[in-house]
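my_file-v3.pdb, holding PDB, C-alpha atoms and all ligand atoms:
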```pdb
ATOM      1  CA  MET B1385     -23.504-127.149-155.959
ATOM      2  CA  ASN B1386     -23.396-128.547-152.481
ATOM      3  CA  VAL B1387     -26.222-127.527-150.193
ATOM      4  CA  GLN B1388     -25.873-127.788-146.439
ATOM      5  CA  TRP B1389     -28.702-126.538-144.336
ATOM      6  CA  PHE B1390     -29.709-127.833-140.943
ATOM      7  CA  PRO B1391     -30.487-125.043-138.486
ATOM      8  CA  GLY B1392     -30.357-125.806-134.758
ATOM      9  CA  HIS B1393     -34.114-125.813-134.279
ATOM     10  CA  MET B1394     -34.367-128.768-136.651
ATOM     11  CA  THR B1395     -32.070-130.931-134.522
ATOM     12  CA  ARG B1396     -34.198-130.095-131.502
ATOM     13  CA  ALA B1397     -37.418-130.727-133.416
ATOM     14  CA  LYS B1398     -36.250-134.106-134.605
ATOM     15  CA  ARG B1399     -35.533-135.200-131.037
ATOM     16  CA  GLU B1400     -38.909-133.997-129.798
ATOM     17  CA  MET B1401     -40.703-135.641-132.708
ATOM     18  CA  GLN B1402     -38.999-138.913-131.890
ATOM     19  CA  GLU B1403     -40.349-138.699-128.342
ATOM     20  CA  LYS B1404     -43.902-137.794-129.396
ATOM     21  CA  LEU B1405     -43.995-140.480-132.041
ATOM     22  CA  LYS B1406     -44.802-143.164-129.484
ATOM     23  CA  MET B1407     -48.125-141.550-128.709
ATOM     24  CA  VAL B1408     -49.347-140.881-132.252
ATOM     25  CA  ASP B1409     -51.463-143.294-134.285
ATOM     26  CA  MET B1410     -50.533-142.153-137.753
ATOM     27  CA  ILE B1411     -48.379-139.812-139.795
ATOM     28  CA  ILE B1412     -49.690-137.171-142.147
ATOM     29  CA  GLU B1413     -46.768-136.363-144.379
ATOM     30  CA  CYS B1414     -46.993-133.189-146.432
ATOM     31  CA  ARG B1415     -44.985-133.067-149.610
ATOM     32  CA  ASP B1416     -44.911-130.452-152.319
ATOM     33  CA  ALA B1417     -46.775-131.837-155.366
ATOM     34  CA  ARG B1418     -44.162-130.189-157.608
ATOM     35  CA  ILE B1419     -41.345-132.225-156.044
ATOM     36  CA  PRO B1420     -42.900-135.322-154.437
ATOM     37  CA  LEU B1421     -39.594-137.144-154.224
ATOM     38  CA  SER B1422     -37.219-134.377-153.251
ATOM     39  CA  SER B1423     -39.677-133.244-150.602
ATOM     40  CA  GLU B1424     -39.638-136.654-148.949
ATOM     41  CA  ASN B1425     -37.570-136.656-145.798
ATOM     42  CA  PRO B1426     -35.485-139.794-145.243
ATOM     43  CA  LEU B1427     -34.999-138.864-141.591
ATOM     44  CA  LEU B1428     -38.748-138.902-141.002
ATOM     45  CA  LEU B1429     -39.178-142.085-142.949
ATOM     46  CA  ASP B1430     -36.739-143.712-140.591
ATOM     47  CA  LEU B1431     -38.446-142.373-137.499
ATOM     48  CA  ALA B1432     -41.877-143.686-138.336
ATOM     49  CA  LYS B1433     -41.543-146.711-140.580
ATOM     50  CA  ASP B1434     -44.390-148.708-139.094
ATOM     51  CA  LYS B1435     -47.086-146.087-138.631
ATOM     52  CA  PRO B1436     -49.994-145.855-141.077
ATOM     53  CA  ARG B1437     -49.268-142.943-143.351
ATOM     54  CA  LEU B1438     -51.191-140.418-145.382
ATOM     55  CA  ILE B1439     -49.126-138.534-147.934
ATOM     56  CA  VAL B1440     -50.687-135.174-148.744
ATOM     57  CA  LEU B1441     -49.306-133.703-151.940
ATOM     58  CA  SER B1442     -49.902-130.019-151.320
ATOM     59  CA  LYS B1443     -49.852-127.114-153.779
ATOM     60  CA  GLN B1444     -51.519-129.215-156.484
ATOM     61  CA  ASP B1445     -52.745-125.930-157.951
ATOM     62  CA  MET B1446     -49.132-125.057-158.803
ATOM     63  CA  ALA B1447     -48.082-128.500-160.063
ATOM     64  CA  ASP B1448     -48.359-130.078-163.495
ATOM     65  CA  PRO B1449     -51.552-132.213-163.265
ATOM     66  CA  ILE B1450     -50.217-134.975-165.501
ATOM     67  CA  ALA B1451     -47.044-135.333-163.455
ATOM     68  CA  THR B1452     -49.057-135.287-160.215
ATOM     69  CA  LYS B1453     -51.288-138.118-161.360
ATOM     70  CA  ALA B1454     -48.266-140.272-162.124
ATOM     71  CA  TRP B1455     -46.742-139.471-158.736
ATOM     72  CA  MET B1456     -49.910-140.469-156.887
ATOM     73  CA  HIS B1457     -49.742-143.857-158.493
ATOM     74  CA  HIS B1458     -46.052-144.218-157.819
ATOM     75  CA  LEU B1459     -46.205-143.298-154.132
ATOM     76  CA  THR B1460     -49.235-145.357-153.100
ATOM     77  CA  SER B1461     -48.439-148.542-151.197
ATOM     78  CA  GLU B1462     -50.003-150.919-148.701
ATOM     79  CA  ASN B1463     -49.521-148.811-145.614
ATOM     80  CA  THR B1464     -49.695-145.485-147.436
ATOM     81  CA  LYS B1465     -52.511-143.533-149.006
ATOM     82  CA  VAL B1466     -51.817-140.543-151.244
ATOM     83  CA  ILE B1467     -54.044-137.533-151.911
ATOM     84  CA  THR B1468     -53.431-134.241-153.686
ATOM     85  CA  VAL B1469     -54.851-130.956-152.467
ATOM     86  CA  ASP B1470     -54.808-127.228-152.788
ATOM     87  CA  LEU B1471     -54.644-126.383-149.104
ATOM     88  CA  LEU B1472     -55.836-122.851-149.744
ATOM     89  CA  GLU B1473     -59.199-124.320-150.829
ATOM     90  CA  LYS B1474     -61.794-125.024-148.141
ATOM     91  CA  SER B1475     -62.697-128.305-149.829
ATOM     92  CA  SER B1476     -59.313-129.746-148.850
ATOM     93  CA  ARG B1477     -60.616-130.091-145.283
ATOM     94  CA  THR B1478     -62.978-133.015-145.877
ATOM     95  CA  LYS B1479     -60.563-134.566-148.335
ATOM     96  CA  VAL B1480     -57.814-134.771-145.716
ATOM     97  CA  ILE B1481     -60.098-135.836-142.863
ATOM     98  CA  ASP B1482     -61.805-138.575-144.894
ATOM     99  CA  ALA B1483     -58.448-139.895-146.074
ATOM    100  CA  ALA B1484     -57.011-139.903-142.540
ATOM    101  CA  LEU B1485     -60.026-141.838-141.230
ATOM    102  CA  GLU B1486     -59.712-144.291-144.097
ATOM    103  CA  VAL B1487     -56.031-144.900-143.384
ATOM    104  CA  MET B1488     -56.914-145.581-139.749
ATOM    105  CA  LYS B1489     -59.829-147.891-140.493
ATOM    106  CA  PRO B1490     -57.928-151.196-140.122
ATOM    107  CA  LYS B1491     -56.696-150.049-136.715
ATOM    108  CA  PHE B1492     -60.189-148.927-135.714
ATOM    109  CA  ASP B1493     -61.506-152.334-136.712
ATOM    110  CA  ARG B1494     -58.847-154.075-134.619
ATOM    111  CA  TRP B1495     -59.696-151.912-131.634
ATOM    112  CA  LYS B1496     -63.347-152.718-132.054
ATOM    113  CA  ALA B1497     -62.661-156.455-132.294
ATOM    114  CA  ARG B1498     -60.759-156.229-129.017
ATOM    115  CA  GLY B1499     -63.579-154.314-127.391
ATOM    116  CA  ILE B1500     -61.693-151.050-127.238
ATOM    117  CA  GLY B1501     -64.068-148.142-127.809
ATOM    118  CA  ALA B1502     -63.424-145.647-130.567
ATOM    119  CA  ARG B1503     -61.075-142.896-129.494
ATOM    120  CA  LYS B1504     -59.645-139.834-131.162
ATOM    121  CA  ILE B1505     -56.908-140.311-133.685
ATOM    122  CA  LYS B1506     -53.650-138.554-132.936
ATOM    123  CA  ALA B1507     -51.782-137.693-136.108
ATOM    124  CA  MET B1508     -48.375-136.086-136.427
ATOM    125  CA  VAL B1509     -48.086-133.718-139.376
ATOM    126  CA  VAL B1510     -44.564-133.889-140.732
ATOM    127  CA  GLY B1511     -42.659-132.676-143.752
ATOM    128  CA  ILE B1512     -39.832-130.516-144.948
ATOM    129  CA  PRO B1513     -40.061-126.710-144.604
ATOM    130  CA  ASN B1514     -42.680-124.667-146.441
ATOM    131  CA  VAL B1515     -44.821-127.546-147.760
ATOM    132  CA  GLY B1516     -48.000-126.388-146.010
ATOM    133  CA  LYS B1517     -48.131-128.301-142.710
ATOM    134  CA  SER B1518     -49.430-125.356-140.695
ATOM    135  CA  THR B1519     -51.764-124.316-143.513
ATOM    136  CA  LEU B1520     -53.243-127.823-143.505
ATOM    137  CA  ILE B1521     -53.876-127.662-139.768
ATOM    138  CA  ASN B1522     -55.504-124.222-140.022
ATOM    139  CA  GLN B1523     -57.697-125.414-142.872
ATOM    140  CA  LEU B1524     -58.797-128.474-140.895
ATOM    141  CA  ALA B1525     -59.350-126.451-137.736
ATOM    142  CA  GLN B1526     -61.236-123.829-139.761
ATOM    143  CA  LYS B1527     -59.340-121.085-138.000
ATOM    144  CA  LYS B1528     -55.862-119.671-137.933
ATOM    145  CA  ILE B1529     -54.194-121.353-134.998
ATOM    146  CA  MET B1530     -50.776-121.822-136.583
ATOM    147  CA  THR B1531     -48.541-119.186-138.112
ATOM    148  CA  THR B1532     -47.877-119.694-141.826
ATOM    149  CA  ALA B1533     -45.711-117.831-144.331
ATOM    150  CA  ASN B1534     -44.145-118.405-147.695
ATOM    151  CA  ARG B1535     -40.615-119.072-146.485
ATOM    152  CA  PRO B1536     -38.931-122.100-144.933
ATOM    153  CA  GLY B1537     -38.605-122.422-141.164
ATOM    154  CA  VAL B1538     -41.750-120.668-139.911
ATOM    155  CA  THR B1539     -42.901-123.223-137.329
ATOM    156  CA  MET B1540     -40.249-123.650-134.646
ATOM    157  CA  ALA B1541     -41.961-125.811-132.018
ATOM    158  CA  LEU B1542     -44.383-128.731-131.775
ATOM    159  CA  LYS B1543     -48.005-127.831-131.081
ATOM    160  CA  TRP B1544     -51.257-129.827-130.785
ATOM    161  CA  ALA B1545     -54.484-128.782-132.465
ATOM    162  CA  ASN B1546     -57.975-130.120-132.000
ATOM    163  CA  VAL B1547     -59.386-130.095-135.545
ATOM    164  CA  HIS B1548     -62.250-132.588-135.621
ATOM    165  CA  PRO B1549     -64.230-134.748-133.140
ATOM    166  CA  LYS B1550     -62.224-137.734-134.355
ATOM    167  CA  LEU B1551     -58.861-136.144-134.997
ATOM    168  CA  ASP B1552     -56.088-134.267-133.184
ATOM    169  CA  LEU B1553     -53.113-133.006-135.176
ATOM    170  CA  LEU B1554     -49.593-132.222-134.044
ATOM    171  CA  ASP B1555     -47.883-129.445-136.005
ATOM    172  CA  THR B1556     -44.125-129.826-136.310
ATOM    173  CA  PRO B1557     -41.315-127.673-137.656
ATOM    174  CA  GLY B1558     -40.168-128.459-141.181
ATOM    175  CA  VAL B1559     -37.158-130.729-141.007
ATOM    176  CA  LEU B1560     -34.554-131.251-143.678
ATOM    177  CA  TRP B1561     -31.621-133.614-143.663
ATOM    178  CA  PRO B1562     -28.092-132.385-143.043
ATOM    179  CA  LYS B1563     -26.689-132.880-146.518
ATOM    180  CA  PHE B1564     -28.095-133.488-149.965
ATOM    181  CA  ASP B1565     -26.012-136.114-151.708
ATOM    182  CA  ASP B1566     -27.760-135.449-154.980
ATOM    183  CA  ALA B1567     -27.170-131.820-156.002
ATOM    184  CA  LYS B1568     -30.402-131.856-158.014
ATOM    185  CA  VAL B1569     -32.404-132.357-154.827
ATOM    186  CA  GLY B1570     -31.008-129.134-153.360
ATOM    187  CA  ILE B1571     -31.844-127.260-156.538
ATOM    188  CA  ARG B1572     -35.409-128.571-156.631
ATOM    189  CA  LEU B1573     -35.926-127.682-152.997
ATOM    190  CA  ALA B1574     -34.762-124.159-153.751
ATOM    191  CA  LEU B1575     -37.046-123.908-156.800
ATOM    192  CA  ALA B1576     -40.031-124.916-154.683
ATOM    193  CA  GLY B1577     -39.026-122.635-151.780
ATOM    194  CA  SER B1578     -38.238-125.318-149.205
ATOM    195  CA  VAL B1579     -34.674-124.136-148.704
ATOM    196  CA  SER B1580     -33.684-120.528-148.857
ATOM    197  CA  GLU B1581     -32.251-119.802-152.301
ATOM    198  CA  LYS B1582     -29.516-117.948-150.453
ATOM    199  CA  VAL B1583     -27.786-121.256-149.790
ATOM    200  CA  LEU B1584     -27.121-121.637-153.519
ATOM    201  CA  PRO B1585     -25.269-119.424-156.024
ATOM    202  CA  ILE B1586     -28.139-117.440-157.540
ATOM    203  CA  ASP B1587     -26.750-117.363-161.085
ATOM    204  CA  GLU B1588     -26.330-121.143-161.225
ATOM    205  CA  LEU B1589     -29.803-121.658-159.813
ATOM    206  CA  ALA B1590     -31.362-119.227-162.286
ATOM    207  CA  TYR B1591     -29.528-120.853-165.191
ATOM    208  CA  TYR B1592     -30.755-124.251-164.118
ATOM    209  CA  ALA B1593     -34.308-122.955-163.765
ATOM    210  CA  PHE B1594     -34.223-121.397-167.231
ATOM    211  CA  LYS B1595     -32.932-124.570-168.873
ATOM    212  CA  PHE B1596     -35.543-126.618-167.047
ATOM    213  CA  VAL B1597     -38.429-124.369-168.088
ATOM    214  CA  LEU B1598     -37.093-124.210-171.649
ATOM    215  CA  LYS B1599     -37.060-128.001-171.844
ATOM    216  CA  HIS B1600     -40.410-128.739-170.216
ATOM    217  CA  TYR B1601     -42.560-125.607-170.563
ATOM    218  CA  PRO B1602     -41.064-123.498-173.404
ATOM    219  CA  GLU B1603     -44.389-121.842-174.190
ATOM    220  CA  ALA B1604     -44.366-120.265-170.714
ATOM    221  CA  LEU B1605     -41.257-118.246-171.626
ATOM    222  CA  GLU B1606     -42.920-116.930-174.728
ATOM    223  CA  GLU B1607     -46.164-116.073-172.948
ATOM    224  CA  ARG B1608     -44.749-114.465-169.847
ATOM    225  CA  TYR B1609     -41.584-112.835-171.224
ATOM    226  CA  GLN B1610     -42.064-112.842-174.995
ATOM    227  CA  TYR B1611     -38.839-114.822-175.303
ATOM    228  CA  SER B1612     -38.589-117.523-177.933
ATOM    229  CA  GLY B1613     -34.849-118.277-178.114
ATOM    230  CA  ASP B1614     -32.883-120.922-176.254
ATOM    231  CA  ASP B1615     -29.877-118.990-174.998
ATOM    232  CA  VAL B1616     -29.664-118.605-171.246
ATOM    233  CA  GLN B1617     -27.452-115.506-171.234
ATOM    234  CA  ALA B1618     -29.581-113.809-173.882
ATOM    235  CA  PHE B1619     -32.729-114.637-171.930
ATOM    236  CA  PHE B1620     -31.604-112.926-168.731
ATOM    237  CA  GLU B1621     -30.384-109.895-170.668
ATOM    238  CA  HIS B1622     -33.780-109.777-172.383
ATOM    239  CA  LEU B1623     -35.570-110.017-169.031
ATOM    240  CA  ALA B1624     -33.405-107.287-167.469
ATOM    241  CA  LYS B1625     -34.283-104.968-170.368
ATOM    242  CA  LEU B1626     -37.945-105.936-170.280
ATOM    243  CA  ARG B1627     -38.259-105.087-166.581
ATOM    244  CA  LEU B1628     -35.920-102.080-166.795
ATOM    245  CA  TYR B1629     -33.291-103.561-164.510
ATOM    246  CA  VAL B1630     -30.707-101.109-165.791
ATOM    247  CA  ARG B1631     -28.365 -98.716-163.987
ATOM    248  CA  LYS B1632     -26.541 -96.215-166.197
ATOM    249  CA  ASP B1633     -25.783 -98.460-169.142
ATOM    250  CA  GLU B1634     -25.373-101.602-167.154
ATOM    251  CA  LEU B1635     -27.874-104.475-167.031
ATOM    252  CA  LEU B1636     -28.640-105.640-163.502
ATOM    253  CA  LEU B1637     -28.672-109.354-164.176
ATOM    254  CA  GLU B1638     -28.907-110.344-160.544
ATOM    255  CA  GLN B1639     -32.334-108.729-160.361
ATOM    256  CA  ALA B1640     -33.387-110.659-163.448
ATOM    257  CA  TYR B1641     -32.257-113.913-161.802
ATOM    258  CA  GLN B1642     -34.224-113.088-158.685
ATOM    259  CA  THR B1643     -37.377-112.156-160.562
ATOM    260  CA  PHE B1644     -37.294-115.287-162.697
ATOM    261  CA  LEU B1645     -36.731-117.575-159.705
ATOM    262  CA  ARG B1646     -39.489-115.898-157.723
ATOM    263  CA  GLU B1647     -41.976-116.182-160.573
ATOM    264  CA  VAL B1648     -41.116-119.825-161.214
ATOM    265  CA  ARG B1649     -41.463-120.578-157.497
ATOM    266  CA  GLN B1650     -44.777-118.754-157.136
ATOM    267  CA  GLY B1651     -46.289-120.383-160.185
ATOM    268  CA  THR B1652     -46.587-117.101-162.084
ATOM    269  CA  LEU B1653     -45.506-118.853-165.288
ATOM    270  CA  GLY B1654     -48.282-121.412-164.875
ATOM    271  CA  ALA B1655     -48.516-124.812-163.217
ATOM    272  CA  MET B1656     -45.192-126.665-163.302
ATOM    273  CA  SER B1657     -43.643-129.711-161.694
ATOM    274  CA  PHE B1658     -39.912-129.848-161.095
ATOM    275  CA  GLU B1659     -39.494-133.608-161.149
ATOM    276  CA  TYR B1660     -41.185-136.519-162.904
ATOM    277  CA  VAL B1661     -41.742-140.196-162.184
ATOM    278  CA  GLU B1662     -40.133-141.073-165.529
ATOM    279  CA  ASN B1663     -36.796-139.722-164.323
ATOM    280  CA  VAL B1664     -36.708-141.690-161.085
ATOM    281  CA  ASP B1665     -33.677-143.971-161.133
TER     282      ASP B1665
HETATM  283  N1  LIG B1701     -50.882-122.256-153.758
HETATM  284  C1  LIG B1701     -50.801-122.959-152.624
HETATM  285  N2  LIG B1701     -50.101-122.459-151.587
HETATM  286  C2  LIG B1701     -50.024-123.197-150.469
HETATM  287  C3  LIG B1701     -50.640-124.459-150.353
HETATM  288  N3  LIG B1701     -50.353-124.951-149.126
HETATM  289  C4  LIG B1701     -49.611-124.027-148.505
HETATM  290  N4  LIG B1701     -49.409-122.947-149.299
HETATM  291  C5  LIG B1701     -48.595-121.754-148.992
HETATM  292  O1  LIG B1701     -47.267-122.210-148.723
HETATM  293  C6  LIG B1701     -46.637-121.398-147.744
HETATM  294  C7  LIG B1701     -46.081-122.248-146.634
HETATM  295  O2  LIG B1701     -47.121-122.779-145.852
HETATM  296  P1  LIG B1701     -46.914-123.181-144.310
HETATM  297  O3  LIG B1701     -48.187-123.817-143.858
HETATM  298  O4  LIG B1701     -46.349-122.061-143.514
HETATM  299  O5  LIG B1701     -45.787-124.315-144.467
HETATM  300  P2  LIG B1701     -45.113-125.213-143.323
HETATM  301  O6  LIG B1701     -44.960-126.576-143.898
HETATM  302  O7  LIG B1701     -45.880-125.115-142.050
HETATM  303  O8  LIG B1701     -43.681-124.523-143.197
HETATM  304  P3  LIG B1701     -42.632-124.533-141.960
HETATM  305  O9  LIG B1701     -43.382-124.221-140.711
HETATM  306  O10 LIG B1701     -41.659-123.496-142.359
HETATM  307  O11 LIG B1701     -42.015-125.895-141.956
HETATM  308  C8  LIG B1701     -47.694-120.396-147.297
HETATM  309  O12 LIG B1701     -47.485-119.182-148.020
HETATM  310  C9  LIG B1701     -49.006-121.047-147.708
HETATM  311  O13 LIG B1701     -50.038-120.108-147.976
HETATM  312  C10 LIG B1701     -51.381-124.971-151.476
HETATM  313  O14 LIG B1701     -51.929-126.083-151.487
HETATM  314  N5  LIG B1701     -51.417-124.171-152.577
HETATM  315 MG    MG B1702     -45.349-124.472-140.215
END
```
Would you mind writing the file out in structure tokens?
Amino acid sequence: MNVQWFPGHMTRAKREMQEKLKMVDMIIECRDARIPLSSENPLLLDLAKDKPRLIVLSKQDMADPIATKAWMHHLTSENTKVITVDLLEKSSRTKVIDAALEVMKPKFDRWKARGIGARKIKAMVVGIPNVGKSTLINQLAQKKIMTTANRPGVTMALKWANVHPKLDLLDTPGVLWPKFDDAKVGIRLALAGSVSEKVLPIDELAYYAFKFVLKHYPEALEERYQYSGDDVQAFFEHLAKLRLYVRKDELLLEQAYQTFLREVRQGTLGAMSFEYVENVD
């Protein structure tokens, strides 16, 4: 499977972000806690190598807590702090603000030493599509100033938001990179909803998802679908019958694929991560 997806607005956004980067103090990078590596954007990494960085692993409520803990450890470095949040929870507000102020503390201290008075931090919120950038800004601002939706490519233009006496945030459109060299990355992005699943053959994606869930969370198949076998074809036939996806005498497998992928993506089968530190090469 070869995924190519780089709509025109992303090229424009990348250029504008490059320009704005000069005036921001730090980067708040949102990644999906279920795919902390595949939701990293190498383009953005390149753009802002030297800026202090806060990685916000969003959707922690949908991710496997054990995997998330390992990722936090793995991703933390000298210039980078990592936190995990459920951005739909109000409590994420102080968590993000405190972490951003902490990341900026060395810079604040330098300013102070040079006699420069404290000023507002300008942070650029970046990340691939659908990871919760606009949701984070709304949560911090305590009102809905950005449009959010559960599909990739909602935000199309850069926009500033005043969210705290010490912090201004710049919302940016989700940006992907033009080509995924590793096919698994494309699949994981589709499972988490950061690329439209339409860019992949739905049967292959559904088969992959089934095999993945069978390997890592087999009990979820039993609980949600009362399926205890290990045969991918048999599973989707079972699901089609279970949900009455039948026309005349024919099973509508495509509907079963869609349902399964949607439920995996929405966390209906329970909290799941789609990649693990142990498998990082
Ligand atoms: N369960 C859960 N859902 C979240 C969380 N954060 C964001 N969402 C949902 O994820 C979807 C995408 O959120 P957005 O804020 O629109 O994502 P975005 O990164 O701005 O997306 P683009 O503008 O398309 O790049 C929305 O349906 C949010 O409600 C979270 O921590 N937990
Ligand atoms: Mg957005």
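On the file presented, the PyMOL selection byres (((chain B and resi 1451-1455) around 10) and not hetatm) picks out Ala1417, Arg1418, Ile1419, Pro1420, Leu1421, Leu1441, Gln1444, Ala1447, Asp1448, Pro1449, Ile1450, Met1456, His1457, His1458, Leu1459, Thr1460, Val1466, Ile1467, Thr1468, Met1656, Ser1657, Phe1658, Glu1659, Tyr1660, Val1661 and Glu1662 of chain B.
Atom pair atom CA of Gly1558 of chain B / atom CA of Gly1392 of chain B has a distance of 12.0 Å (rounded to one decimal).
Closest approach to Gly1511 of chain B from the set B:Glu1400, B:Asp1416, B:Asp1482, B:Asp1633 is made by B:Asp1416, with distances taken over only C-alpha atoms.
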request  = Decode the PyMOL selection byres (((not hetatm)) within 10 of (chain B and resi 1702)) for the given file into explicit residues and return them as a ChimeraX atom specification.
outcome  = /B:1509-1521,1530-1542,1555-1558
Put those residues in a file: C-alpha atoms, as a PDB file, keeping the file's coordinate frame.
```
ATOM      1  CA  VAL B1509     -48.086-133.718-139.376  1.00  0.00           C
ATOM      2  CA  VAL B1510     -44.564-133.889-140.732  1.00  0.00           C
ATOM      3  CA  GLY B1511     -42.659-132.676-143.752  1.00  0.00           C
ATOM      4  CA  ILE B1512     -39.832-130.516-144.948  1.00  0.00           C
ATOM      5  CA  PRO B1513     -40.061-126.710-144.604  1.00  0.00           C
ATOM      6  CA  ASN B1514     -42.680-124.667-146.441  1.00  0.00           C
ATOM      7  CA  VAL B1515     -44.821-127.546-147.760  1.00  0.00           C
ATOM      8  CA  GLY B1516     -48.000-126.388-146.010  1.00  0.00           C
ATOM      9  CA  LYS B1517     -48.131-128.301-142.710  1.00  0.00           C
ATOM     10  CA  SER B1518     -49.430-125.356-140.695  1.00  0.00           C
ATOM     11  CA  THR B1519     -51.764-124.316-143.513  1.00  0.00           C
ATOM     12  CA  LEU B1520     -53.243-127.823-143.505  1.00  0.00           C
ATOM     13  CA  ILE B1521     -53.876-127.662-139.768  1.00  0.00           C
ATOM     14  CA  MET B1530     -50.776-121.822-136.583  1.00  0.00           C
ATOM     15  CA  THR B1531     -48.541-119.186-138.112  1.00  0.00           C
ATOM     16  CA  THR B1532     -47.877-119.694-141.826  1.00  0.00           C
ATOM     17  CA  ALA B1533     -45.711-117.831-144.331  1.00  0.00           C
ATOM     18  CA  ASN B1534     -44.145-118.405-147.695  1.00  0.00           C
ATOM     19  CA  ARG B1535     -40.615-119.072-146.485  1.00  0.00           C
ATOM     20  CA  PRO B1536     -38.931-122.100-144.933  1.00  0.00           C
ATOM     21  CA  GLY B1537     -38.605-122.422-141.164  1.00  0.00           C
ATOM     22  CA  VAL B1538     -41.750-120.668-139.911  1.00  0.00           C
ATOM     23  CA  THR B1539     -42.901-123.223-137.329  1.00  0.00           C
ATOM     24  CA  MET B1540     -40.249-123.650-134.646  1.00  0.00           C
ATOM     25  CA  ALA B1541     -41.961-125.811-132.018  1.00  0.00           C
ATOM     26  CA  LEU B1542     -44.383-128.731-131.775  1.00  0.00           C
ATOM     27  CA  ASP B1555     -47.883-129.445-136.005  1.00  0.00           C
ATOM     28  CA  THR B1556     -44.125-129.826-136.310  1.00  0.00           C
ATOM     29  CA  PRO B1557     -41.315-127.673-137.656  1.00  0.00           C
ATOM     30  CA  GLY B1558     -40.168-128.459-141.181  1.00  0.00           C
TER      31      GLY B1558
END
```
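The space separating atom CA of Lys1550 of chain B from atom CA of Ala1484 of chain B comes to 9.9 Å.
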request  = Please measure the separation of atom CA of Glu1588 of chain B and atom CA of Phe1619 of chain B, giving the value in Å to one decimal.
outcome  = 14.1 Å
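With distances taken over only C-alpha atoms and all ligand atoms, B:Arg1649 is the one residue among B:Arg1649, B:Lys1506, B:Arg1494, B:Arg1631 lying closest to ligand LIG 1701 (chain B).
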task = Write out as a ChimeraX atom specification which residues come within 12 Å of Phe1596 of chain B when counting all atoms listed in the file, dropping same-chain ones fewer than 3 positions away.
result = /B:1568,1571-1572,1575,1589-1593,1599-1602,1604-1605,1614,1616,1645,1648,1656-1659
Would you mind exporting C-alpha atoms of the selected residues as a PDB file, in the frame of the given file?
```
ATOM      1  CA  LYS B1568     -30.402-131.856-158.014  1.00  0.00           C
ATOM      2  CA  ILE B1571     -31.844-127.260-156.538  1.00  0.00           C
ATOM      3  CA  ARG B1572     -35.409-128.571-156.631  1.00  0.00           C
ATOM      4  CA  LEU B1575     -37.046-123.908-156.800  1.00  0.00           C
ATOM      5  CA  LEU B1589     -29.803-121.658-159.813  1.00  0.00           C
ATOM      6  CA  ALA B1590     -31.362-119.227-162.286  1.00  0.00           C
ATOM      7  CA  TYR B1591     -29.528-120.853-165.191  1.00  0.00           C
ATOM      8  CA  TYR B1592     -30.755-124.251-164.118  1.00  0.00           C
ATOM      9  CA  ALA B1593     -34.308-122.955-163.765  1.00  0.00           C
ATOM     10  CA  LYS B1599     -37.060-128.001-171.844  1.00  0.00           C
ATOM     11  CA  HIS B1600     -40.410-128.739-170.216  1.00  0.00           C
ATOM     12  CA  TYR B1601     -42.560-125.607-170.563  1.00  0.00           C
ATOM     13  CA  PRO B1602     -41.064-123.498-173.404  1.00  0.00           C
ATOM     14  CA  ALA B1604     -44.366-120.265-170.714  1.00  0.00           C
ATOM     15  CA  LEU B1605     -41.257-118.246-171.626  1.00  0.00           C
ATOM     16  CA  ASP B1614     -32.883-120.922-176.254  1.00  0.00           C
ATOM     17  CA  VAL B1616     -29.664-118.605-171.246  1.00  0.00           C
ATOM     18  CA  LEU B1645     -36.731-117.575-159.705  1.00  0.00           C
ATOM     19  CA  VAL B1648     -41.116-119.825-161.214  1.00  0.00           C
ATOM     20  CA  MET B1656     -45.192-126.665-163.302  1.00  0.00           C
ATOM     21  CA  SER B1657     -43.643-129.711-161.694  1.00  0.00           C
ATOM     22  CA  PHE B1658     -39.912-129.848-161.095  1.00  0.00           C
ATOM     23  CA  GLU B1659     -39.494-133.608-161.149  1.00  0.00           C
TER      24      GLU B1659
END
```
Please evaluate the PyMOL selection byres (((chain B and resi 1547) around 6) and not hetatm) against the displayed coordinates and give the resulting residues as a PDB file with C-alpha atoms, in the coordinates of the input.
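expr39.pdb was written with the following content:
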```
ATOM      1  CA  LEU B1524     -58.797-128.474-140.895  1.00  0.00           C
ATOM      2  CA  ALA B1525     -59.350-126.451-137.736  1.00  0.00           C
ATOM      3  CA  ALA B1545     -54.484-128.782-132.465  1.00  0.00           C
ATOM      4  CA  ASN B1546     -57.975-130.120-132.000  1.00  0.00           C
ATOM      5  CA  HIS B1548     -62.250-132.588-135.621  1.00  0.00           C
ATOM      6  CA  ASP B1552     -56.088-134.267-133.184  1.00  0.00           C
TER       7      ASP B1552
END
```
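Remark: for ligand LIG 1701 (chain B), the closest of the candidate residues B:Glu1581, B:Asp1565, B:Glu1462, B:Asp1470 is B:Asp1470 (distances computed over all atoms listed in the file).
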query = From the set B:Val1480, B:Lys1406, B:Lys1504, B:Lys1465, which residue has the shortest atom-to-atom contact distance to ligand LIG 1701 (chain B), counting all atoms listed in the file?
reply = B:Val1480
Assuming 5 Å of padding per side, give the centre and edge lengths of the axis-aligned box around every listed atom of ligand LIG 1701 (chain B), in Å to one decimal and as JSON.
```
{"center_x": -46.8, "center_y": -122.9, "center_z": -147.2, "size_x": 20.3, "size_y": 17.4, "size_z": 23.0}
```
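Distances from B:Ile1411, B:Val1630, B:Gln1639, B:Gln1526 to Leu1553 of chain B were compared using only C-alpha atoms, and the smallest one belongs to B:Ile1411.
Comparing the minimum interatomic distances between ligand LIG 1701 (chain B) and each of B:Leu1623, B:Ala1576, B:Ala1432, B:Leu1635, counting all atoms listed in the file, we find that B:Ala1576 sits nearest.
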